>>> print(open('target06.cif').read())   # mmCIF, C-alpha atoms, pLDDT in the B column; chains and numbers go by the auth columns
data_data
#
loop_
_atom_site.group_PDB
_atom_site.id
_atom_site.type_symbol
_atom_site.label_atom_id
_atom_site.label_comp_id
_atom_site.label_asym_id
_atom_site.label_seq_id
_atom_site.Cartn_x
_atom_site.Cartn_y
_atom_site.Cartn_z
_atom_site.B_iso_or_equiv
_atom_site.auth_seq_id
_atom_site.auth_asym_id
ATOM 1 C CA MET A 1 43.515 -28.450 32.166 48.00 224 A
ATOM 2 C CA ILE A 2 41.863 -31.383 30.379 51.00 225 A
ATOM 3 C CA ALA A 3 38.825 -31.083 32.671 46.00 226 A
ATOM 4 C CA ILE A 4 38.403 -27.379 31.787 46.00 227 A
ATOM 5 C CA ALA A 5 38.631 -28.170 28.052 43.00 228 A
ATOM 6 C CA GLY A 6 35.976 -30.892 28.502 43.00 229 A
ATOM 7 C CA VAL A 7 33.637 -28.487 30.329 40.00 230 A
ATOM 8 C CA ALA A 8 34.153 -25.851 27.615 41.00 231 A
ATOM 9 C CA ALA A 9 33.326 -28.377 24.871 43.00 232 A
ATOM 10 C CA GLY A 10 30.190 -29.429 26.772 44.00 233 A
ATOM 11 C CA VAL A 11 29.025 -25.819 27.128 40.00 234 A
ATOM 12 C CA LEU A 12 29.577 -25.183 23.417 40.00 235 A
ATOM 13 C CA ALA A 13 27.606 -28.320 22.519 40.00 236 A
ATOM 14 C CA LEU A 14 24.734 -27.239 24.786 38.00 237 A
ATOM 15 C CA LEU A 15 24.716 -23.770 23.191 38.00 238 A
ATOM 16 C CA GLY A 16 24.511 -25.421 19.773 40.00 239 A
ATOM 17 C CA VAL A 17 21.451 -27.426 20.853 34.00 240 A
ATOM 18 C CA ILE A 18 19.786 -24.292 22.218 37.00 241 A
ATOM 19 C CA GLU A 19 20.532 -22.360 19.017 41.00 242 A
ATOM 20 C CA TYR A 20 19.057 -25.209 16.941 37.00 243 A
ATOM 21 C CA ALA A 21 15.889 -25.254 19.050 35.00 244 A
ATOM 22 C CA LEU A 22 15.418 -21.482 18.804 36.00 245 A
ATOM 23 C CA SER A 23 16.036 -21.404 15.053 37.00 246 A
ATOM 24 C CA GLY A 24 12.950 -23.448 14.296 39.00 247 A
ATOM 25 C CA GLY A 25 14.032 -27.050 14.683 36.00 248 A
ATOM 26 C CA ASN A 26 11.571 -27.180 17.562 36.00 249 A
ATOM 27 C CA SER A 27 8.781 -24.630 16.979 34.00 250 A
ATOM 28 C CA ALA A 28 7.526 -24.834 20.567 34.00 251 A
ATOM 29 C CA ALA A 29 10.884 -23.539 21.842 31.00 252 A
ATOM 30 C CA GLN A 30 10.890 -20.336 19.799 32.00 253 A
ATOM 31 C CA PRO A 31 10.700 -17.084 21.748 31.00 254 A
ATOM 32 C CA ASN A 32 7.891 -14.634 21.097 30.00 255 A
ATOM 33 C CA VAL A 33 9.240 -11.898 18.843 30.00 256 A
ATOM 34 C CA THR A 34 7.766 -9.296 16.575 30.00 257 A
ATOM 35 C CA ALA A 35 9.115 -9.363 13.033 29.00 258 A
ATOM 36 C CA THR A 36 8.776 -6.290 10.842 30.00 259 A
ATOM 37 C CA THR A 37 9.389 -6.145 7.139 29.00 260 A
ATOM 38 C CA THR A 38 10.074 -2.734 5.618 31.00 261 A
ATOM 39 C CA THR A 39 10.539 -1.568 2.067 31.00 262 A
ATOM 40 C CA SER A 40 13.826 -0.001 1.074 31.00 263 A
ATOM 41 C CA ASN A 41 14.789 -1.384 -2.326 32.00 264 A
ATOM 42 C CA GLY A 42 13.377 0.532 -5.319 35.00 265 A
ATOM 43 C CA VAL A 43 14.346 -2.273 -7.703 34.00 266 A
ATOM 44 C CA GLU A 44 11.651 -4.646 -6.464 38.00 267 A
ATOM 45 C CA THR A 45 8.745 -2.175 -6.511 38.00 268 A
ATOM 46 C CA PRO A 46 6.842 -1.358 -9.700 42.00 269 A
ATOM 47 C CA ASP A 47 6.925 2.411 -9.038 45.00 270 A
ATOM 48 C CA ALA A 48 9.712 4.239 -7.207 45.00 271 A
ATOM 49 C CA ALA A 49 7.198 6.872 -6.030 44.00 272 A
ATOM 50 C CA LEU A 50 5.861 4.284 -3.601 49.00 273 A
ATOM 51 C CA GLU A 51 9.261 3.708 -1.992 49.00 274 A
ATOM 52 C CA THR A 52 9.032 6.866 0.091 43.00 275 A
ATOM 53 C CA THR A 53 8.294 6.766 3.793 44.00 276 A
ATOM 54 C CA GLU A 54 7.466 10.477 3.840 48.00 277 A
ATOM 55 C CA PRO A 55 4.478 11.382 1.653 50.00 278 A
ATOM 56 C CA SER A 56 5.174 13.805 -1.178 53.00 279 A
ATOM 57 C CA ALA A 57 2.695 15.797 -3.228 57.00 280 A
ATOM 58 C CA ASP A 58 2.527 12.876 -5.695 86.00 281 A
ATOM 59 C CA VAL A 59 1.769 10.240 -3.042 92.00 282 A
ATOM 60 C CA LYS A 60 -1.733 10.199 -1.605 94.00 283 A
ATOM 61 C CA VAL A 61 -1.948 8.595 1.845 96.00 284 A
ATOM 62 C CA GLY A 62 -4.915 7.161 3.689 96.00 285 A
ATOM 63 C CA THR A 63 -4.778 5.829 7.230 96.00 286 A
ATOM 64 C CA GLY A 64 -7.197 3.979 9.458 95.00 287 A
ATOM 65 C CA SER A 65 -7.844 0.514 10.778 96.00 288 A
ATOM 66 C CA PHE A 66 -9.392 -1.931 8.348 97.00 289 A
ATOM 67 C CA LYS A 67 -9.222 -5.442 9.704 96.00 290 A
ATOM 68 C CA GLN A 68 -10.690 -8.907 9.773 97.00 291 A
ATOM 69 C CA GLN A 69 -10.281 -11.701 12.285 97.00 292 A
ATOM 70 C CA ARG A 70 -10.872 -15.353 11.480 96.00 293 A
ATOM 71 C CA GLY A 71 -10.112 -17.838 14.188 95.00 294 A
ATOM 72 C CA MET A 72 -6.731 -17.061 15.704 96.00 295 A
ATOM 73 C CA LEU A 73 -5.556 -14.830 12.806 97.00 296 A
ATOM 74 C CA THR A 74 -6.155 -11.087 12.432 97.00 297 A
ATOM 75 C CA ILE A 75 -5.201 -9.090 9.337 97.00 298 A
ATOM 76 C CA GLU A 76 -5.157 -5.281 9.508 98.00 299 A
ATOM 77 C CA VAL A 77 -4.484 -2.633 6.869 98.00 300 A
ATOM 78 C CA ASN A 78 -3.558 0.640 8.574 97.00 301 A
ATOM 79 C CA ARG A 79 -2.119 2.711 5.725 97.00 302 A
ATOM 80 C CA VAL A 80 -2.675 2.983 1.977 97.00 303 A
ATOM 81 C CA GLU A 81 -0.364 4.896 -0.376 97.00 304 A
ATOM 82 C CA ALA A 82 -1.316 5.672 -3.971 95.00 305 A
ATOM 83 C CA ALA A 83 0.959 7.299 -6.551 93.00 306 A
ATOM 84 C CA ASN A 84 0.455 7.450 -10.310 90.00 307 A
ATOM 85 C CA GLY A 85 -2.110 4.629 -10.168 91.00 308 A
ATOM 86 C CA ARG A 86 0.184 2.369 -8.125 94.00 309 A
ATOM 87 C CA VAL A 87 -0.980 1.225 -4.689 96.00 310 A
ATOM 88 C CA LYS A 88 0.842 0.019 -1.590 96.00 311 A
ATOM 89 C CA LEU A 89 -1.016 -1.413 1.421 97.00 312 A
ATOM 90 C CA PHE A 90 0.644 -1.533 4.847 97.00 313 A
ATOM 91 C CA VAL A 91 -0.482 -4.805 6.414 97.00 314 A
ATOM 92 C CA THR A 92 -0.116 -6.394 9.844 97.00 315 A
ATOM 93 C CA ALA A 93 -0.870 -10.055 10.608 97.00 316 A
ATOM 94 C CA THR A 94 -1.357 -11.210 14.201 97.00 317 A
ATOM 95 C CA ASN A 95 -1.250 -14.914 15.007 97.00 318 A
ATOM 96 C CA ALA A 96 -2.776 -15.589 18.438 97.00 319 A
ATOM 97 C CA SER A 97 -2.419 -19.364 18.103 96.00 320 A
ATOM 98 C CA GLN A 98 0.234 -21.712 19.470 95.00 321 A
ATOM 99 C CA ALA A 99 1.460 -22.757 16.000 96.00 322 A
ATOM 100 C CA ARG A 100 3.005 -21.050 13.001 96.00 323 A
ATOM 101 C CA MET A 101 0.922 -19.845 10.076 96.00 324 A
ATOM 102 C CA THR A 102 2.163 -19.113 6.586 96.00 325 A
ATOM 103 C CA LEU A 103 0.506 -16.495 4.388 95.00 326 A
ATOM 104 C CA PRO A 104 2.423 -16.732 1.088 93.00 327 A
ATOM 105 C CA VAL A 105 2.751 -13.811 -1.345 92.00 328 A
ATOM 106 C CA VAL A 106 1.356 -16.012 -4.131 91.00 329 A
ATOM 107 C CA GLY A 107 -1.870 -16.241 -2.122 92.00 330 A
ATOM 108 C CA ILE A 108 -2.417 -12.459 -2.047 95.00 331 A
ATOM 109 C CA ALA A 109 -5.083 -10.935 -4.284 94.00 332 A
ATOM 110 C CA VAL A 110 -6.750 -7.529 -4.283 96.00 333 A
ATOM 111 C CA LEU A 111 -10.166 -6.838 -5.757 97.00 334 A
ATOM 112 C CA ASP A 112 -11.348 -3.295 -6.472 97.00 335 A
ATOM 113 C CA ASP A 113 -14.938 -2.095 -6.150 96.00 336 A
ATOM 114 C CA LEU A 114 -15.341 -2.433 -9.943 95.00 337 A
ATOM 115 C CA ASN A 115 -14.563 -6.205 -9.669 95.00 338 A
ATOM 116 C CA ARG A 116 -11.078 -6.048 -11.198 95.00 339 A
ATOM 117 C CA THR A 117 -8.456 -8.300 -9.592 95.00 340 A
ATOM 118 C CA TYR A 118 -4.826 -7.343 -8.992 95.00 341 A
ATOM 119 C CA ALA A 119 -1.878 -9.587 -8.104 92.00 342 A
ATOM 120 C CA ALA A 120 0.746 -8.560 -5.580 91.00 343 A
ATOM 121 C CA SER A 121 3.836 -10.600 -6.432 86.00 344 A
ATOM 122 C CA SER A 122 6.242 -7.706 -5.838 78.00 345 A
ATOM 123 C CA SER A 123 5.135 -7.253 -2.227 88.00 346 A
ATOM 124 C CA LYS A 124 7.485 -6.982 0.748 92.00 347 A
ATOM 125 C CA TRP A 125 5.689 -9.680 2.676 91.00 348 A
ATOM 126 C CA ASP A 126 7.549 -12.333 4.673 88.00 349 A
ATOM 127 C CA GLY A 127 4.595 -14.719 4.885 90.00 350 A
ATOM 128 C CA LEU A 128 5.634 -16.493 8.080 94.00 351 A
ATOM 129 C CA VAL A 129 3.776 -15.512 11.252 95.00 352 A
ATOM 130 C CA THR A 130 5.128 -17.486 14.182 94.00 353 A
ATOM 131 C CA GLN A 131 2.956 -18.428 17.111 94.00 354 A
ATOM 132 C CA GLY A 132 1.828 -15.594 19.337 94.00 355 A
ATOM 133 C CA THR A 133 3.446 -12.837 17.240 96.00 356 A
ATOM 134 C CA THR A 134 2.668 -10.008 14.869 95.00 357 A
ATOM 135 C CA THR A 135 4.415 -9.372 11.562 95.00 358 A
ATOM 136 C CA SER A 136 4.128 -6.389 9.233 95.00 359 A
ATOM 137 C CA GLY A 137 4.916 -5.745 5.605 95.00 360 A
ATOM 138 C CA THR A 138 3.686 -4.093 2.460 96.00 361 A
ATOM 139 C CA VAL A 139 1.458 -5.395 -0.291 96.00 362 A
ATOM 140 C CA VAL A 140 2.290 -3.672 -3.580 95.00 363 A
ATOM 141 C CA LEU A 141 -0.104 -4.166 -6.471 95.00 364 A
ATOM 142 C CA ASP A 142 1.562 -5.309 -9.689 93.00 365 A
ATOM 143 C CA GLU A 143 -0.745 -3.290 -11.944 94.00 366 A
ATOM 144 C CA LYS A 144 -2.014 0.264 -11.839 94.00 367 A
ATOM 145 C CA ILE A 145 -5.462 0.805 -10.343 93.00 368 A
ATOM 146 C CA GLY A 146 -8.106 1.732 -12.893 86.00 369 A
ATOM 147 C CA THR A 147 -9.962 5.039 -12.843 88.00 370 A
ATOM 148 C CA GLY A 148 -13.103 5.292 -10.773 93.00 371 A
ATOM 149 C CA VAL A 149 -11.923 2.903 -8.052 95.00 372 A
ATOM 150 C CA ASN A 150 -12.930 3.950 -4.530 96.00 373 A
ATOM 151 C CA SER A 151 -12.152 0.918 -2.358 97.00 374 A
ATOM 152 C CA LEU A 152 -10.205 -2.327 -2.291 97.00 375 A
ATOM 153 C CA THR A 153 -10.614 -5.803 -0.824 98.00 376 A
ATOM 154 C CA LEU A 154 -7.469 -7.650 0.287 97.00 377 A
ATOM 155 C CA THR A 155 -7.507 -11.458 0.430 96.00 378 A
ATOM 156 C CA PHE A 156 -4.884 -13.842 1.740 95.00 379 A
ATOM 157 C CA SER A 157 -5.710 -17.294 0.405 94.00 380 A
ATOM 158 C CA SER A 158 -3.573 -20.416 0.712 94.00 381 A
ATOM 159 C CA ILE A 159 -2.967 -19.868 4.448 96.00 382 A
ATOM 160 C CA SER A 160 -1.378 -22.899 6.030 95.00 383 A
ATOM 161 C CA GLY A 161 -0.778 -23.935 9.612 95.00 384 A
ATOM 162 C CA GLN A 162 -2.384 -26.018 12.306 94.00 385 A
ATOM 163 C CA PHE A 163 -4.721 -23.182 13.353 95.00 386 A
ATOM 164 C CA ALA A 164 -5.204 -21.558 9.925 94.00 387 A
ATOM 165 C CA PRO A 165 -8.702 -20.144 9.354 93.00 388 A
ATOM 166 C CA THR A 166 -11.319 -22.497 7.953 90.00 389 A
ATOM 167 C CA GLY A 167 -11.081 -22.387 4.177 92.00 390 A
ATOM 168 C CA ALA A 168 -7.438 -21.230 4.449 93.00 391 A
ATOM 169 C CA ALA A 169 -8.363 -17.634 3.609 95.00 392 A
ATOM 170 C CA ILE A 170 -9.048 -14.265 5.228 97.00 393 A
ATOM 171 C CA THR A 171 -10.448 -11.144 3.542 97.00 394 A
ATOM 172 C CA VAL A 172 -10.373 -7.471 4.562 98.00 395 A
ATOM 173 C CA THR A 173 -13.074 -5.437 2.790 97.00 396 A
ATOM 174 C CA GLY A 174 -13.802 -1.744 2.421 97.00 397 A
ATOM 175 C CA ILE A 175 -10.246 -0.411 2.303 97.00 398 A
ATOM 176 C CA PRO A 176 -10.662 3.138 0.927 97.00 399 A
ATOM 177 C CA LEU A 177 -8.336 4.350 -1.806 95.00 400 A
ATOM 178 C CA PRO A 178 -6.862 7.792 -0.951 94.00 401 A
ATOM 179 C CA LYS A 179 -7.851 10.532 -3.372 86.00 402 A
#
>>> encode(input="target06.cif", output="structure tokens")
Amino acid sequence: MIAIAGVAAGVLALLGVIEYALSGGNSAAQPNVTATTTTSNGVETPDAALETTEPSADVKVGTGSFKQQRGMLTIEVNRVEAANGRVKLFVTATNASQARMTLPVVGIAVLDDLNRTYAASSSKWDGLVTQGTTTSGTVVLDEKIGTGVNSLTLTFSSISGQFAPTGAAITVTGIPLPK
């Protein structure tokens, strides 16, 4: 009976070590997973009209593939929603390297084709892209887009990680605004 209890305690200790390794204590031991961030809380978005997943008459939607690759990092915008001057970009980041990269929300900026800059602090963006994975989220502009804007440029600056792009930034240009 004592031997069985000792074996059980040993198995539990081993499981604890494995759980620690997979939780990030040892980044090389993490499994390849795809993390997806979705928007569902109207409190954190500047305009509730952008919280819909099904377009309404008030929400204009544009789709396509607008992307940029720098080194081992690729950023793609595949959907743009605009409602009442508010804009939400659906973004995917793919990290093909063997180390984590962090793309913090505070490093997100959007420039329109009239050279006005918009912050995106209320975005649903996790920021952590583990090695060999893809993560998705939304970039919500804090301010309304001005009239006459046709396209946007999305920049992630302040990227950190062993294989982060040179200059710690990546920019996706020519993202059309749906009309």
>>> residues_around(input="target06.cif", residues="Thr378 in chain A", least_positions_apart="4", cutoff="9 Å", atoms="all atoms listed in the file", output="tab-separated table (two decimals) with C-alpha atoms, keeping the file's coordinate frame")
chain	number	residue	atom	x	y	z
A	330	GLY	CA	-1.87	-16.24	-2.12
A	331	ILE	CA	-2.42	-12.46	-2.05
A	332	ALA	CA	-5.08	-10.94	-4.28
A	333	VAL	CA	-6.75	-7.53	-4.28
A	334	LEU	CA	-10.17	-6.84	-5.76
A	392	ALA	CA	-8.36	-17.63	3.61
A	393	ILE	CA	-9.05	-14.26	5.23
A	394	THR	CA	-10.45	-11.14	3.54
A	395	VAL	CA	-10.37	-7.47	4.56
A	396	THR	CA	-13.07	-5.44	2.79
>>> atom_distance(input="target06.cif", atom1="CA of Leu296 in chain A", atom2="CA of Met324 in chain A")
8.6 Å
>>> resolve_selection(input="target06.cif", expression="the PyMOL selection byres ((chain A and resi 299) around 7)", output="compact mmCIF listing (two decimals) with C-alpha atoms, keeping the file's coordinate frame")
# COMPACT_ATOMS: atom_id res chain seq x y z
CA SER A 288 -7.84 0.51 10.78
CA PHE A 289 -9.39 -1.93 8.35
CA LYS A 290 -9.22 -5.44 9.70
CA GLN A 291 -10.69 -8.91 9.77
CA THR A 297 -6.16 -11.09 12.43
CA ILE A 298 -5.20 -9.09 9.34
CA VAL A 300 -4.48 -2.63 6.87
CA ASN A 301 -3.56 0.64 8.57
CA VAL A 314 -0.48 -4.80 6.41
CA THR A 315 -0.12 -6.39 9.84
CA ALA A 316 -0.87 -10.06 10.61
>>> resolve_selection(input="target06.cif", expression="the PyMOL selection byres ((chain A and resi 391) around 10)", output="PDB file with C-alpha atoms, keeping the file's coordinate frame")
ATOM      1  CA  ARG A 293     -10.872 -15.353  11.480  1.00 96.00           C
ATOM      2  CA  LEU A 326       0.506 -16.495   4.388  1.00 95.00           C
ATOM      3  CA  GLY A 330      -1.870 -16.241  -2.122  1.00 92.00           C
ATOM      4  CA  PHE A 379      -4.884 -13.842   1.740  1.00 95.00           C
ATOM      5  CA  SER A 380      -5.710 -17.294   0.405  1.00 94.00           C
ATOM      6  CA  SER A 381      -3.573 -20.416   0.712  1.00 94.00           C
ATOM      7  CA  ILE A 382      -2.967 -19.868   4.448  1.00 96.00           C
ATOM      8  CA  SER A 383      -1.378 -22.899   6.030  1.00 95.00           C
ATOM      9  CA  GLY A 384      -0.778 -23.935   9.612  1.00 95.00           C
ATOM     10  CA  PHE A 386      -4.721 -23.182  13.353  1.00 95.00           C
ATOM     11  CA  ALA A 387      -5.204 -21.558   9.925  1.00 94.00           C
ATOM     12  CA  PRO A 388      -8.702 -20.144   9.354  1.00 93.00           C
ATOM     13  CA  THR A 389     -11.319 -22.497   7.953  1.00 90.00           C
ATOM     14  CA  GLY A 390     -11.081 -22.387   4.177  1.00 92.00           C
ATOM     15  CA  ALA A 392      -8.363 -17.634   3.609  1.00 95.00           C
ATOM     16  CA  ILE A 393      -9.048 -14.265   5.228  1.00 97.00           C
TER      17      ILE A 393
END
>>> residues_around(input="target06.cif", residues="Leu312 in chain A", least_positions_apart="6", cutoff="9 Å", atoms="all atoms listed in the file", output="CSV table (one decimal) with C-alpha atoms, in the frame of the given file")
chain,number,residue,atom,x,y,z
A,300,VAL,CA,-4.5,-2.6,6.9
A,301,ASN,CA,-3.6,0.6,8.6
A,302,ARG,CA,-2.1,2.7,5.7
A,303,VAL,CA,-2.7,3.0,2.0
A,304,GLU,CA,-0.4,4.9,-0.4
A,305,ALA,CA,-1.3,5.7,-4.0
A,360,GLY,CA,4.9,-5.7,5.6
A,361,THR,CA,3.7,-4.1,2.5
A,362,VAL,CA,1.5,-5.4,-0.3
A,363,VAL,CA,2.3,-3.7,-3.6
A,364,LEU,CA,-0.1,-4.2,-6.5
>>> atom_distance(input="target06.cif", atom1="CA of Ser344 in chain A", atom2="CA of Asp281 in chain A")
23.5 Å
>>> closest_residue(input="target06.cif", among="A:Leu377, A:Val282, A:Met295, A:Ala343", to="Ser320 in chain A", atoms="only C-alpha atoms")
A:Met295
>>> atom_distance(input="target06.cif", atom1="CA of Ala322 in chain A", atom2="CA of Ala342 in chain A")
27.7 Å
>>> closest_residue(input="target06.cif", among="A:Glu366, A:Leu337, A:Ala319, A:Val329", to="Val352 in chain A", atoms="only C-alpha atoms")
A:Ala319
>>> resolve_selection(input="target06.cif", expression="the PyMOL selection byres ((chain A and resi 348) around 8)", output="number ranges by chain")
A: 260, 327-328, 346-347, 349-350, 359-362
>>> closest_residue(input="target06.cif", among="A:Ile398, A:Val284, A:Leu351, A:Val310", to="Ile368 in chain A", atoms="only C-alpha atoms")
A:Val310
>>> closest_residue(input="target06.cif", among="A:Gly397, A:Gly369, A:Gly294, A:Gly287", to="Arg339 in chain A", atoms="all atoms listed in the file")
A:Gly369
>>> closest_residue(input="target06.cif", among="A:Asn338, A:Asn373, A:Gln385, A:Thr317", to="Thr356 in chain A", atoms="all atoms listed in the file")
A:Thr317
